[in-house]
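J.: Let me begin by handing over the structure; questions about it come next.
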Amino acid sequence: MLRCITSNEDTLIASNCDVDTTKILSTKKKLLCPNCKSTVIYKPGKVKRPHFAHHNSECVTDYHEPETDSHVKGKEILYKLLKSRFPRAEIEYEVYIPETQQIADVFIKHTHGDFKGLRWAIEFQHSQLSLTDWESRHNLYNTAGIQGFWILDKTTYLKFSRAKDHTGARKRNELEKKLYGEVGICYFLDVEKEELTIDFNFETVTENNVFNRKRVTTNYTYHRPEEHAAPINKIRFRMNDEFKYSVMLFDEIEDKMNDRLVWIIKKLKREHEVLLEEELQLRIPEKKGFVNTIYQDGEAHIARRFIEENERDIAEDIRDLSDKDFFEKYKGLIDKLILNIQTFNALEKSQQLKHKIIVDLNHSWDMYKISFLVAQATHSLEGYLTMKTQDKISLVEYAYNTYKDVFEKLASRHTELTNIALKKIKWFLVPYDKNPNAIDYALVYRHCKTTKEIDEYLYQINEKVINYNPFY
C-alpha cells in the first residue's frame with residue numbers, strides 16, 4: 001500500500017515521505033492502515049518500490065488487490081495524472097469507501113469547477129479479476145453515486161494475435177470485453193512507458209482459407225484506428241453535463257470517439273430511465289397507502305385511481321415529494337375529482353333529457369385526468385360538460401323535441417327488426433341499449449353535424465321504417 005496514517009492521523013505517502021523518520025515510526029508501531037487501523041510496516045524499497053505492508057495480516061477490508069511493483073507504480077502514475085489535471089481536488093491513495101466497503105486504488109473528490117461534487121474511484125487492475133467480482137464492485141460504485149474508472153494493466157490484459165499477416169488483431173480478454181460492453185470504453189496502462197491505450201472502436205475482418213480440403217473461416221478483431229495510445233501527460237477528461245459522466249481521451253482521437261461517446265450517452269439515458277421507472281413503481285404503493293390516512297372507503301378508492309391514471313404526468317412528484325407534500329400539492333384536484341364523480345353518478349340517475357345527453361356524451365374515466373380537472377377550473381361538472389359538448393347537446397335536443405313521436409313509435413316496435421332497418425339507412429342510427437326508449441333513439445343523432453342532416457335521416461325513417469308497407 002502507498003498510503004498510511006500515523007497514530008496522530010497524519011497521512012504519509014511511501015514514495016515521498018522522509019525515510020529515516022518513517023522508519024522510526026514504523027519501529028514504534030505508530031504507522032496504521034487508514035482503512036482497518038491495524039499496524040503497518042514501512043518498507044523503503046531496496047528491491048521493490050517504497051510501500052507500507054500490514055504487520056500481522058492483510059487488510060480486513062474486501063476487494064483490496066495484493067500489491068506488486070507494477071500495481072504500485074500504476075497507482076502512482078494515475079495519482080499524478082489526477083493531481084496534474086485537478087490540483088484543487090481531494091485526491092488520495094487507497095481510500096476505504098464505507099458505502100461500498102471497498103478500497104479504491106485512488107479516490108478523488110472534486111471540490112471546485114465544473115466537476116464539483118463528483119467522486120471518482122480509480123482502479124488499476126493488474127491481476128486477473130472474475131467478471132462476477134468486477135460486476136459486483138462496479139455496481140456498488142454506481143449505487144453509491146461514484147464513477148468508477150477501471151484501468152487494466154496493459155501487460156496482463158492487452159494481447160495480440162500471432163497469426164501471419166494479422167499480428168495487429170486482438171485476442172480479447174473476457175474482462176476487457178465486459179468493460180467495453182458495460183462502460184463503453186476500455187483503458188490500458190503501460191506502466192513502463194507511462195502510456196494509456198484507449199479502446200473505443202472495433203471492427204471484424206473475416207478471412208476464408210482452405211486446410212486439408214476444408215473451408216475454414218476465421219474472424220480477426222482490430223481496433224480502428226490502430227494508433228489509439230498516448231503518453232499519460234496528454235490524457236485529459238471530458239464530461240457530459242447531463243449525466244456528469246466523464247471519459248479519458250486525448251486530442252488526436254477525440255473526434256474519432258464521437259460515435260462511441262454518443263453510444264455511451266444513449267446507454268446512460270436508458271439506464272437512467274430504468275432507474276426512474278423502478279423508483280416510480282416503488283413510490284406509487286407508498287403514495288396509495290398514505291391515501292387511507294386522508295380519505296375513507298369510496299373516496300380513498302377515487303384518490304388511489306387518481307394516482308394510477310396520472311402516474312406518468314406526475315411521476316417526478318411521486319418519486320421526489322414526501323407523502324405529506326405530495327397530497328398537499330394534489331389534494332385540491334383530488335377533492336374536485338371526488339365531487340365530480342359524485343355529481344356524475346347523480347347525472348346518471350337523472351331522467352332529464354339534458355342529463356341523459358351529458359352522460360351519453362362523456363365518460364367518468366376522463367375526469368380522473370389532471371388535464372380535465374385543470375381545464376374544468378372553477379366550473380361545476382355539469383356546467384363544464386355542457387360547455388364542452390354544447391353543439392352535440394343542441395343537436396340531440398332538436399332531434400328529440402322535433403321527432404319525439406317518431407322515436408316513441410320506434411321504441412314500441414320489435415327492436416331487432418327495427419335496428420336492421422335503421423342500419424340500412426345509417427349504421428349509427430342503431431342505439432347501444434338492447435331495449436331502447438325514445439331518448440335512446442334520439443341520442444344517436446349526436447353523430448350528426450347539422451339539423452338538416454337530422455331531418456334527412458328522419459324523413460328516410462318515416463318512409464322506410466315507420467310508414468313502410470311491403471305490399472305497395
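Convention: chains lettered A, B, ... in C-alpha cells order; per-chain residue numbering from 1; ligands numbered from 1 as shown.
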Where in stretch 283-411 of chain A does DSSP assign alpha helix (DSSP H), given as a PyMOL selection string?

T.: chain A and resi 283-290+297-310+315-320+323-349+353-361+370-376+381-388+390-411

J.: Just want the 10 Å neighbourhood of A:Ile334, counted on only C-alpha atoms, with same-chain residues fewer than 6 positions away dropped. Output as a list in words.

T.: Glu299, Ala300, Ile302, Ala303, Arg304, Arg305, Phe306, Ile307, Phe327, Asn340, Tyr368, Ile370 and Leu373 of chain A

J.: Would you save the residues from that selection as an mmCIF file, in the first residue's frame, using C-alpha atoms?

T.:
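This is the output file selection_32.cif:
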data_model
loop_
_atom_site.group_PDB
_atom_site.id
_atom_site.type_symbol
_atom_site.label_atom_id
_atom_site.label_comp_id
_atom_site.auth_asym_id
_atom_site.auth_seq_id
_atom_site.Cartn_x
_atom_site.Cartn_y
_atom_site.Cartn_z
ATOM 1 C CA GLU A 299 -63.174 8.500 -1.621
ATOM 2 C CA ALA A 300 -59.916 6.667 -0.924
ATOM 3 C CA ILE A 302 -61.005 7.538 -6.131
ATOM 4 C CA ALA A 303 -57.790 9.078 -4.779
ATOM 5 C CA ARG A 304 -55.806 5.909 -5.482
ATOM 6 C CA ARG A 305 -57.180 5.747 -9.008
ATOM 7 C CA PHE A 306 -56.218 9.408 -9.496
ATOM 8 C CA ILE A 307 -52.595 8.403 -8.819
ATOM 9 C CA PHE A 327 -51.005 15.296 -1.055
ATOM 10 C CA ASN A 340 -67.146 15.284 -9.916
ATOM 11 C CA TYR A 368 -59.523 11.381 -13.426
ATOM 12 C CA ILE A 370 -55.281 16.156 -14.371
ATOM 13 C CA LEU A 373 -59.526 18.867 -13.798
#

J.: Using backbone DSSP assignments, extract all strand (DSSP E or B) residues from stretch 13-133 of chain A; output them as a compact mmCIF listing (two decimals) with all heavy atoms, in the first residue's frame.

T.:
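Written out: part.txt:
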# COMPACT_ATOMS: atom_id res chain seq x y z
N ILE A 13 2.82 9.28 2.47
CA ILE A 13 2.85 8.62 1.17
C ILE A 13 4.23 7.97 1.03
O ILE A 13 5.28 8.64 1.19
CB ILE A 13 2.62 9.61 0.02
CG1 ILE A 13 1.28 10.35 0.20
CG2 ILE A 13 2.65 8.89 -1.33
CD1 ILE A 13 0.07 9.44 0.22
N LEU A 31 2.60 3.48 12.76
CA LEU A 31 2.05 3.60 11.41
C LEU A 31 0.84 2.68 11.30
O LEU A 31 0.92 1.50 11.64
CB LEU A 31 3.10 3.22 10.37
CG LEU A 31 4.38 4.05 10.35
CD1 LEU A 31 5.31 3.55 9.25
CD2 LEU A 31 4.07 5.54 10.16
N LEU A 32 -0.27 3.23 10.80
CA LEU A 32 -1.52 2.47 10.77
C LEU A 32 -2.13 2.45 9.38
O LEU A 32 -1.96 3.39 8.58
CB LEU A 32 -2.54 3.10 11.74
CG LEU A 32 -2.10 3.32 13.19
CD1 LEU A 32 -3.19 4.06 13.95
CD2 LEU A 32 -1.75 2.00 13.85
N THR A 39 -1.76 -2.10 12.54
CA THR A 39 -0.38 -1.63 12.37
C THR A 39 0.18 -2.04 11.00
O THR A 39 -0.06 -3.15 10.53
CB THR A 39 0.51 -2.23 13.47
OG1 THR A 39 -0.05 -1.90 14.73
CG2 THR A 39 1.92 -1.67 13.38
N VAL A 40 0.92 -1.12 10.38
CA VAL A 40 1.60 -1.44 9.12
C VAL A 40 3.10 -1.17 9.28
O VAL A 40 3.54 -0.45 10.18
CB VAL A 40 1.04 -0.61 7.94
CG1 VAL A 40 -0.40 -0.97 7.67
CG2 VAL A 40 1.21 0.88 8.18
N ILE A 41 3.88 -1.80 8.39
CA ILE A 41 5.33 -1.67 8.39
C ILE A 41 5.76 -0.84 7.19
O ILE A 41 5.22 -0.99 6.09
CB ILE A 41 6.00 -3.06 8.30
CG1 ILE A 41 5.50 -3.97 9.43
CG2 ILE A 41 7.51 -2.94 8.34
CD1 ILE A 41 5.88 -5.41 9.24
N TYR A 42 6.73 0.02 7.40
CA TYR A 42 7.29 0.80 6.29
C TYR A 42 8.40 0.00 5.62
O TYR A 42 9.34 -0.48 6.28
CB TYR A 42 7.84 2.12 6.81
CG TYR A 42 8.55 2.94 5.75
CD1 TYR A 42 7.92 3.28 4.55
CD2 TYR A 42 9.85 3.39 5.96
CE1 TYR A 42 8.56 4.04 3.60
CE2 TYR A 42 10.50 4.16 5.01
CZ TYR A 42 9.86 4.48 3.82
OH TYR A 42 10.50 5.22 2.87
N LYS A 43 8.31 -0.15 4.30
CA LYS A 43 9.34 -0.85 3.53
C LYS A 43 9.89 0.14 2.50
O LYS A 43 9.24 0.40 1.49
CB LYS A 43 8.75 -2.08 2.86
CG LYS A 43 8.26 -3.12 3.86
CD LYS A 43 7.84 -4.42 3.20
CE LYS A 43 7.47 -5.46 4.26
NZ LYS A 43 7.11 -6.77 3.63
N HIS A 51 6.82 1.19 0.03
CA HIS A 51 5.40 0.92 0.30
C HIS A 51 5.23 0.57 1.77
O HIS A 51 6.21 0.40 2.52
CB HIS A 51 4.86 -0.20 -0.59
CG HIS A 51 5.48 -1.53 -0.33
ND1 HIS A 51 6.74 -1.87 -0.78
CD2 HIS A 51 5.03 -2.62 0.35
CE1 HIS A 51 7.03 -3.11 -0.41
NE2 HIS A 51 6.01 -3.59 0.29
N PHE A 52 3.98 0.45 2.17
CA PHE A 52 3.65 0.00 3.52
C PHE A 52 2.98 -1.36 3.42
O PHE A 52 2.27 -1.65 2.45
CB PHE A 52 2.70 0.99 4.22
CG PHE A 52 3.26 2.39 4.32
CD1 PHE A 52 2.87 3.37 3.41
CD2 PHE A 52 4.18 2.72 5.31
CE1 PHE A 52 3.37 4.65 3.50
CE2 PHE A 52 4.69 4.01 5.39
CZ PHE A 52 4.29 4.97 4.49
N ALA A 53 3.15 -2.18 4.44
CA ALA A 53 2.53 -3.51 4.45
C ALA A 53 1.96 -3.78 5.83
O ALA A 53 2.51 -3.32 6.84
CB ALA A 53 3.54 -4.59 4.07
N HIS A 54 0.88 -4.53 5.88
CA HIS A 54 0.28 -4.86 7.17
C HIS A 54 1.25 -5.69 8.02
O HIS A 54 1.97 -6.54 7.50
CB HIS A 54 -1.03 -5.62 6.96
CG HIS A 54 -2.17 -4.71 6.58
ND1 HIS A 54 -2.29 -4.16 5.33
CD2 HIS A 54 -3.22 -4.24 7.32
CE1 HIS A 54 -3.36 -3.40 5.29
NE2 HIS A 54 -3.94 -3.42 6.49
N GLU A 90 -9.59 16.84 -3.85
CA GLU A 90 -9.08 15.98 -2.78
C GLU A 90 -8.78 14.61 -3.39
O GLU A 90 -9.69 13.90 -3.82
CB GLU A 90 -10.13 15.86 -1.68
CG GLU A 90 -10.43 17.17 -0.97
CD GLU A 90 -11.54 17.03 0.05
OE1 GLU A 90 -11.97 15.87 0.30
OE2 GLU A 90 -12.00 18.06 0.59
N ILE A 91 -7.51 14.25 -3.44
CA ILE A 91 -7.09 13.00 -4.09
C ILE A 91 -6.22 12.21 -3.12
O ILE A 91 -5.27 12.76 -2.54
CB ILE A 91 -6.29 13.30 -5.39
CG1 ILE A 91 -7.09 14.23 -6.31
CG2 ILE A 91 -5.96 11.99 -6.10
CD1 ILE A 91 -6.30 14.75 -7.49
N GLU A 92 -6.56 10.95 -2.93
CA GLU A 92 -5.80 10.12 -2.01
C GLU A 92 -5.62 8.71 -2.57
O GLU A 92 -6.45 8.23 -3.34
CB GLU A 92 -6.53 10.01 -0.66
CG GLU A 92 -6.54 11.28 0.16
CD GLU A 92 -7.14 11.05 1.53
OE1 GLU A 92 -8.37 11.02 1.63
OE2 GLU A 92 -6.36 10.87 2.48
N TYR A 93 -4.55 8.06 -2.15
CA TYR A 93 -4.34 6.66 -2.45
C TYR A 93 -5.20 5.79 -1.53
O TYR A 93 -5.47 6.16 -0.38
CB TYR A 93 -2.88 6.27 -2.18
CG TYR A 93 -1.86 6.77 -3.16
CD1 TYR A 93 -0.92 7.72 -2.79
CD2 TYR A 93 -1.80 6.25 -4.45
CE1 TYR A 93 0.05 8.17 -3.68
CE2 TYR A 93 -0.83 6.69 -5.35
CZ TYR A 93 0.08 7.64 -4.96
OH TYR A 93 1.04 8.07 -5.84
N GLU A 94 -5.60 4.64 -2.03
CA GLU A 94 -6.11 3.53 -1.21
C GLU A 94 -7.11 3.98 -0.16
O GLU A 94 -6.91 3.83 1.04
CB GLU A 94 -4.94 2.80 -0.57
CG GLU A 94 -3.99 2.24 -1.59
CD GLU A 94 -2.58 2.05 -1.04
OE1 GLU A 94 -2.29 2.57 0.04
OE2 GLU A 94 -1.79 1.39 -1.72
N VAL A 95 -8.21 4.52 -0.63
CA VAL A 95 -9.23 5.05 0.27
C VAL A 95 -10.35 4.03 0.49
O VAL A 95 -10.91 3.49 -0.47
CB VAL A 95 -9.82 6.36 -0.31
CG1 VAL A 95 -10.97 6.86 0.57
CG2 VAL A 95 -8.74 7.42 -0.42
N TYR A 96 -10.67 3.80 1.74
CA TYR A 96 -11.78 2.92 2.08
C TYR A 96 -13.07 3.72 1.97
O TYR A 96 -13.21 4.81 2.54
CB TYR A 96 -11.63 2.37 3.49
CG TYR A 96 -12.82 1.55 3.94
CD1 TYR A 96 -13.10 0.32 3.33
CD2 TYR A 96 -13.66 2.01 4.94
CE1 TYR A 96 -14.19 -0.43 3.74
CE2 TYR A 96 -14.75 1.26 5.34
CZ TYR A 96 -15.01 0.04 4.74
OH TYR A 96 -16.10 -0.70 5.13
N ILE A 97 -14.03 3.17 1.22
CA ILE A 97 -15.31 3.85 0.99
C ILE A 97 -16.38 3.10 1.78
O ILE A 97 -16.76 1.98 1.42
CB ILE A 97 -15.66 3.87 -0.50
CG1 ILE A 97 -14.51 4.52 -1.30
CG2 ILE A 97 -16.96 4.61 -0.75
CD1 ILE A 97 -14.64 4.37 -2.79
N GLN A 102 -15.31 -0.92 -0.02
CA GLN A 102 -14.21 -1.21 -0.93
C GLN A 102 -13.08 -0.22 -0.71
O GLN A 102 -13.30 0.87 -0.18
CB GLN A 102 -14.67 -1.09 -2.39
CG GLN A 102 -15.77 -2.05 -2.79
CD GLN A 102 -16.19 -1.80 -4.23
OE1 GLN A 102 -15.65 -2.38 -5.15
NE2 GLN A 102 -17.16 -0.92 -4.43
N ILE A 103 -11.91 -0.62 -1.15
CA ILE A 103 -10.77 0.29 -1.16
C ILE A 103 -10.48 0.67 -2.60
O ILE A 103 -10.19 -0.19 -3.43
CB ILE A 103 -9.52 -0.36 -0.54
CG1 ILE A 103 -9.76 -0.68 0.94
CG2 ILE A 103 -8.31 0.55 -0.67
CD1 ILE A 103 -8.61 -1.40 1.59
N ALA A 104 -10.59 1.95 -2.90
CA ALA A 104 -10.25 2.44 -4.24
C ALA A 104 -8.75 2.68 -4.31
O ALA A 104 -8.16 3.23 -3.37
CB ALA A 104 -11.00 3.73 -4.54
N ASP A 105 -8.14 2.26 -5.41
CA ASP A 105 -6.70 2.49 -5.56
C ASP A 105 -6.37 3.97 -5.44
O ASP A 105 -5.42 4.36 -4.74
CB ASP A 105 -6.22 1.96 -6.91
CG ASP A 105 -6.13 0.44 -6.93
OD1 ASP A 105 -5.96 -0.15 -5.85
OD2 ASP A 105 -6.22 -0.14 -8.02
N VAL A 106 -7.13 4.78 -6.13
CA VAL A 106 -7.03 6.23 -6.00
C VAL A 106 -8.45 6.78 -5.93
O VAL A 106 -9.30 6.38 -6.72
CB VAL A 106 -6.27 6.87 -7.17
CG1 VAL A 106 -6.11 8.38 -6.95
CG2 VAL A 106 -4.90 6.22 -7.37
N PHE A 107 -8.69 7.66 -5.00
CA PHE A 107 -10.03 8.23 -4.84
C PHE A 107 -9.94 9.74 -4.96
O PHE A 107 -9.05 10.37 -4.37
CB PHE A 107 -10.62 7.85 -3.49
CG PHE A 107 -12.06 8.23 -3.33
CD1 PHE A 107 -13.06 7.52 -3.98
CD2 PHE A 107 -12.42 9.29 -2.52
CE1 PHE A 107 -14.39 7.86 -3.83
CE2 PHE A 107 -13.76 9.65 -2.36
CZ PHE A 107 -14.74 8.93 -3.02
N ILE A 108 -10.86 10.31 -5.74
CA ILE A 108 -10.84 11.76 -5.94
C ILE A 108 -12.22 12.33 -5.65
O ILE A 108 -13.24 11.81 -6.11
CB ILE A 108 -10.38 12.13 -7.38
CG1 ILE A 108 -10.50 13.65 -7.61
CG2 ILE A 108 -11.17 11.37 -8.43
CD1 ILE A 108 -9.84 14.12 -8.90
N LYS A 109 -12.22 13.38 -4.87
CA LYS A 109 -13.43 14.13 -4.59
C LYS A 109 -13.23 15.54 -5.13
O LYS A 109 -12.37 16.28 -4.67
CB LYS A 109 -13.72 14.18 -3.10
CG LYS A 109 -15.01 14.92 -2.75
CD LYS A 109 -15.28 14.88 -1.26
CE LYS A 109 -16.57 15.63 -0.92
NZ LYS A 109 -16.84 15.62 0.54
N ARG A 119 -17.46 12.34 -7.39
CA ARG A 119 -16.49 11.44 -6.77
C ARG A 119 -16.13 10.34 -7.75
O ARG A 119 -17.01 9.75 -8.37
CB ARG A 119 -17.06 10.83 -5.48
CG ARG A 119 -17.36 11.86 -4.40
CD ARG A 119 -17.83 11.18 -3.13
NE ARG A 119 -19.07 10.44 -3.31
CZ ARG A 119 -19.55 9.55 -2.44
NH1 ARG A 119 -18.87 9.29 -1.33
NH2 ARG A 119 -20.68 8.91 -2.67
N TRP A 120 -14.84 10.08 -7.87
CA TRP A 120 -14.36 9.03 -8.77
C TRP A 120 -13.51 8.04 -7.99
O TRP A 120 -12.70 8.42 -7.15
CB TRP A 120 -13.49 9.61 -9.89
CG TRP A 120 -14.18 10.56 -10.82
CD1 TRP A 120 -15.52 10.77 -10.95
CD2 TRP A 120 -13.55 11.44 -11.76
NE1 TRP A 120 -15.77 11.72 -11.92
CE2 TRP A 120 -14.58 12.14 -12.43
CE3 TRP A 120 -12.23 11.70 -12.10
CZ2 TRP A 120 -14.30 13.09 -13.42
CZ3 TRP A 120 -11.96 12.63 -13.07
CH2 TRP A 120 -12.99 13.32 -13.73
N ALA A 121 -13.68 6.78 -8.33
CA ALA A 121 -12.80 5.73 -7.81
C ALA A 121 -11.97 5.21 -8.97
O ALA A 121 -12.52 4.73 -9.97
CB ALA A 121 -13.62 4.61 -7.19
N ILE A 122 -10.66 5.35 -8.88
CA ILE A 122 -9.77 4.90 -9.93
C ILE A 122 -9.19 3.55 -9.54
O ILE A 122 -8.53 3.42 -8.50
CB ILE A 122 -8.61 5.91 -10.16
CG1 ILE A 122 -9.16 7.34 -10.23
CG2 ILE A 122 -7.83 5.54 -11.41
CD1 ILE A 122 -10.14 7.60 -11.35
N GLU A 123 -9.46 2.54 -10.36
CA GLU A 123 -8.98 1.18 -10.06
C GLU A 123 -7.98 0.74 -11.13
O GLU A 123 -8.32 0.70 -12.32
CB GLU A 123 -10.16 0.21 -10.04
CG GLU A 123 -11.18 0.48 -8.94
CD GLU A 123 -10.69 0.00 -7.58
OE1 GLU A 123 -9.55 -0.48 -7.49
OE2 GLU A 123 -11.46 0.12 -6.60
N PHE A 124 -6.78 0.43 -10.71
CA PHE A 124 -5.79 -0.12 -11.63
C PHE A 124 -5.75 -1.62 -11.44
O PHE A 124 -5.30 -2.12 -10.39
CB PHE A 124 -4.41 0.49 -11.38
CG PHE A 124 -3.34 -0.08 -12.26
CD1 PHE A 124 -3.46 -0.04 -13.64
CD2 PHE A 124 -2.20 -0.66 -11.71
CE1 PHE A 124 -2.48 -0.57 -14.46
CE2 PHE A 124 -1.21 -1.19 -12.53
CZ PHE A 124 -1.36 -1.15 -13.91
N GLN A 125 -6.23 -2.35 -12.43
CA GLN A 125 -6.36 -3.81 -12.30
C GLN A 125 -5.16 -4.50 -12.93
O GLN A 125 -5.03 -4.57 -14.15
CB GLN A 125 -7.66 -4.29 -12.95
CG GLN A 125 -8.07 -5.68 -12.56
CD GLN A 125 -8.32 -5.79 -11.06
OE1 GLN A 125 -8.90 -4.91 -10.45
NE2 GLN A 125 -7.85 -6.88 -10.48

J.: Please list as a list in words every residue within 8 Å of A:Lys244, counting only C-alpha atoms and excluding residues in the same chain fewer than 3 positions away.

T.: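 Here the answer would be Phe115, Leu118, Met239, Asn240 and Asp241 of chain A.
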
J.: Skipping near chain neighbours, those fewer than 2 positions away, what residues fall within 7 Å of stretch 218-227 of chain A using only C-alpha atoms, listed as a PyMOL selection string?

T.: chain A and resi 168-170+201-208+216+229

J.: Let's have the selection written as an mmCIF file, in the first residue's frame, with N, CA, C and O atoms.

T.:
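Printed below is again_1.cif as written:
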data_model
loop_
_atom_site.group_PDB
_atom_site.id
_atom_site.type_symbol
_atom_site.label_atom_id
_atom_site.label_comp_id
_atom_site.auth_asym_id
_atom_site.auth_seq_id
_atom_site.Cartn_x
_atom_site.Cartn_y
_atom_site.Cartn_z
ATOM 1 N N GLY A 168 -1.759 -7.511 -35.868
ATOM 2 C CA GLY A 168 -2.422 -6.346 -35.267
ATOM 3 C C GLY A 168 -3.787 -6.683 -34.702
ATOM 4 O O GLY A 168 -4.403 -5.861 -34.018
ATOM 5 N N ALA A 169 -4.281 -7.912 -34.970
ATOM 6 C CA ALA A 169 -5.590 -8.318 -34.461
ATOM 7 C C ALA A 169 -5.513 -8.594 -32.965
ATOM 8 O O ALA A 169 -4.478 -8.995 -32.443
ATOM 9 N N ARG A 170 -6.625 -8.402 -32.280
ATOM 10 C CA ARG A 170 -6.647 -8.519 -30.830
ATOM 11 C C ARG A 170 -7.137 -9.877 -30.358
ATOM 12 O O ARG A 170 -8.050 -10.474 -30.943
ATOM 13 N N ASN A 201 -13.378 1.578 -30.491
ATOM 14 C CA ASN A 201 -13.987 1.179 -31.766
ATOM 15 C C ASN A 201 -13.319 -0.089 -32.294
ATOM 16 O O ASN A 201 -12.099 -0.156 -32.414
ATOM 17 N N PHE A 202 -14.146 -1.083 -32.595
ATOM 18 C CA PHE A 202 -13.621 -2.337 -33.124
ATOM 19 C C PHE A 202 -14.297 -2.692 -34.441
ATOM 20 O O PHE A 202 -15.454 -2.335 -34.680
ATOM 21 N N GLU A 203 -13.573 -3.382 -35.276
ATOM 22 C CA GLU A 203 -14.161 -3.953 -36.480
ATOM 23 C C GLU A 203 -13.611 -5.364 -36.662
ATOM 24 O O GLU A 203 -12.517 -5.684 -36.200
ATOM 25 N N THR A 204 -14.422 -6.192 -37.306
ATOM 26 C CA THR A 204 -14.039 -7.590 -37.505
ATOM 27 C C THR A 204 -13.768 -7.851 -38.978
ATOM 28 O O THR A 204 -14.565 -7.456 -39.842
ATOM 29 N N VAL A 205 -12.654 -8.502 -39.244
ATOM 30 C CA VAL A 205 -12.274 -8.883 -40.607
ATOM 31 C C VAL A 205 -12.378 -10.401 -40.703
ATOM 32 O O VAL A 205 -11.846 -11.122 -39.859
ATOM 33 N N THR A 206 -13.076 -10.867 -41.719
ATOM 34 C CA THR A 206 -13.262 -12.306 -41.910
ATOM 35 C C THR A 206 -12.337 -12.805 -43.009
ATOM 36 O O THR A 206 -12.265 -12.219 -44.096
ATOM 37 N N GLU A 207 -11.636 -13.889 -42.720
ATOM 38 C CA GLU A 207 -10.723 -14.477 -43.708
ATOM 39 C C GLU A 207 -11.093 -15.940 -43.915
ATOM 40 O O GLU A 207 -11.285 -16.691 -42.960
ATOM 41 N N ASN A 208 -11.209 -16.326 -45.165
ATOM 42 C CA ASN A 208 -11.532 -17.715 -45.526
ATOM 43 C C ASN A 208 -10.298 -18.396 -46.111
ATOM 44 O O ASN A 208 -9.636 -17.863 -47.006
ATOM 45 N N VAL A 216 -12.171 -23.042 -43.989
ATOM 46 C CA VAL A 216 -12.102 -22.555 -42.614
ATOM 47 C C VAL A 216 -12.277 -21.034 -42.611
ATOM 48 O O VAL A 216 -11.564 -20.324 -43.313
ATOM 49 N N ALA A 229 -3.124 5.201 -28.564
ATOM 50 C CA ALA A 229 -2.398 5.297 -27.294
ATOM 51 C C ALA A 229 -1.654 6.625 -27.246
ATOM 52 O O ALA A 229 -1.263 7.173 -28.276
#

J.: Pick out the residues sitting within 12 Å of A:Gln376, and hand them over as a list in words; count only C-alpha atoms, and ignore anything fewer than 4 positions along from it in its own chain.

T.: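 Counting only C-alpha atoms, the residues come to Leu333, Lys336, Leu337, Asn340, Asp366, Met367, Tyr368, Lys369, Ile370, Ser371, Phe372, Ser380, Leu381, Glu382, Gly383, Tyr384, Leu385, Thr386, Met387 and Lys388 of chain A.
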
J.: Just checking: using only C-alpha atoms, which residue out of A:Cys448, A:Ala411, A:Met257, A:Val72 ends up closest to A:Pro436?

T.: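 Of A:Cys448, A:Ala411, A:Met257, A:Val72, the one nearest A:Pro436, counting only C-alpha atoms, is A:Ala411.
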
J.: Pick the closest to A:Leu12 from A:Leu25, A:Ala163, A:Leu275, A:Ile232: which is it, counting only C-alpha atoms?

T.: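 The closest residue to A:Leu12 is A:Leu25.
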
J.: I'd like the neighbourhood of stretch 391-394 of chain A as a list of chain:residue names, where a residue qualifies if any of its atoms comes within 8 Å (using only C-alpha atoms), though same-chain residues fewer than 6 positions away should be ignored.

T.: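 Residues meeting the cut-off are A:Lys354, A:Ile357, A:Ile358, A:Arg446, A:His447.
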
J.: Restricting the output to all heavy atoms, write the selected residues as a compact mmCIF listing (two decimals), in the first residue's frame.

T.:
# COMPACT_ATOMS: atom_id res chain seq x y z
N LYS A 354 -81.43 16.54 -20.83
CA LYS A 354 -80.11 17.14 -20.90
C LYS A 354 -79.09 16.30 -20.13
O LYS A 354 -77.96 16.07 -20.58
CB LYS A 354 -80.14 18.56 -20.35
CG LYS A 354 -78.78 19.26 -20.40
CD LYS A 354 -78.89 20.66 -19.81
CE LYS A 354 -77.52 21.32 -19.77
NZ LYS A 354 -77.57 22.67 -19.15
N ILE A 357 -78.22 13.24 -22.04
CA ILE A 357 -77.32 13.57 -23.15
C ILE A 357 -75.89 13.75 -22.64
O ILE A 357 -74.93 13.23 -23.23
CB ILE A 357 -77.79 14.86 -23.87
CG1 ILE A 357 -79.18 14.66 -24.46
CG2 ILE A 357 -76.81 15.25 -24.97
CD1 ILE A 357 -79.81 15.94 -24.99
N ILE A 358 -75.73 14.48 -21.53
CA ILE A 358 -74.40 14.72 -20.96
C ILE A 358 -73.73 13.40 -20.60
O ILE A 358 -72.55 13.18 -20.91
CB ILE A 358 -74.50 15.63 -19.72
CG1 ILE A 358 -74.87 17.06 -20.13
CG2 ILE A 358 -73.19 15.62 -18.94
CD1 ILE A 358 -75.14 17.99 -18.97
N ARG A 446 -76.26 12.57 -32.00
CA ARG A 446 -75.05 13.31 -31.64
C ARG A 446 -73.99 13.16 -32.71
O ARG A 446 -73.05 13.96 -32.79
CB ARG A 446 -74.50 12.81 -30.30
CG ARG A 446 -73.96 11.39 -30.34
CD ARG A 446 -73.60 10.89 -28.94
NE ARG A 446 -73.01 9.56 -28.94
CZ ARG A 446 -73.69 8.44 -29.04
NH1 ARG A 446 -75.03 8.47 -29.17
NH2 ARG A 446 -73.09 7.26 -29.02
N HIS A 447 -74.10 12.10 -33.56
CA HIS A 447 -73.14 11.88 -34.64
C HIS A 447 -73.36 12.83 -35.82
O HIS A 447 -72.50 12.93 -36.70
CB HIS A 447 -73.23 10.45 -35.14
CG HIS A 447 -72.82 9.42 -34.11
ND1 HIS A 447 -71.55 9.31 -33.65
CD2 HIS A 447 -73.56 8.47 -33.47
CE1 HIS A 447 -71.48 8.33 -32.76
NE2 HIS A 447 -72.70 7.80 -32.63
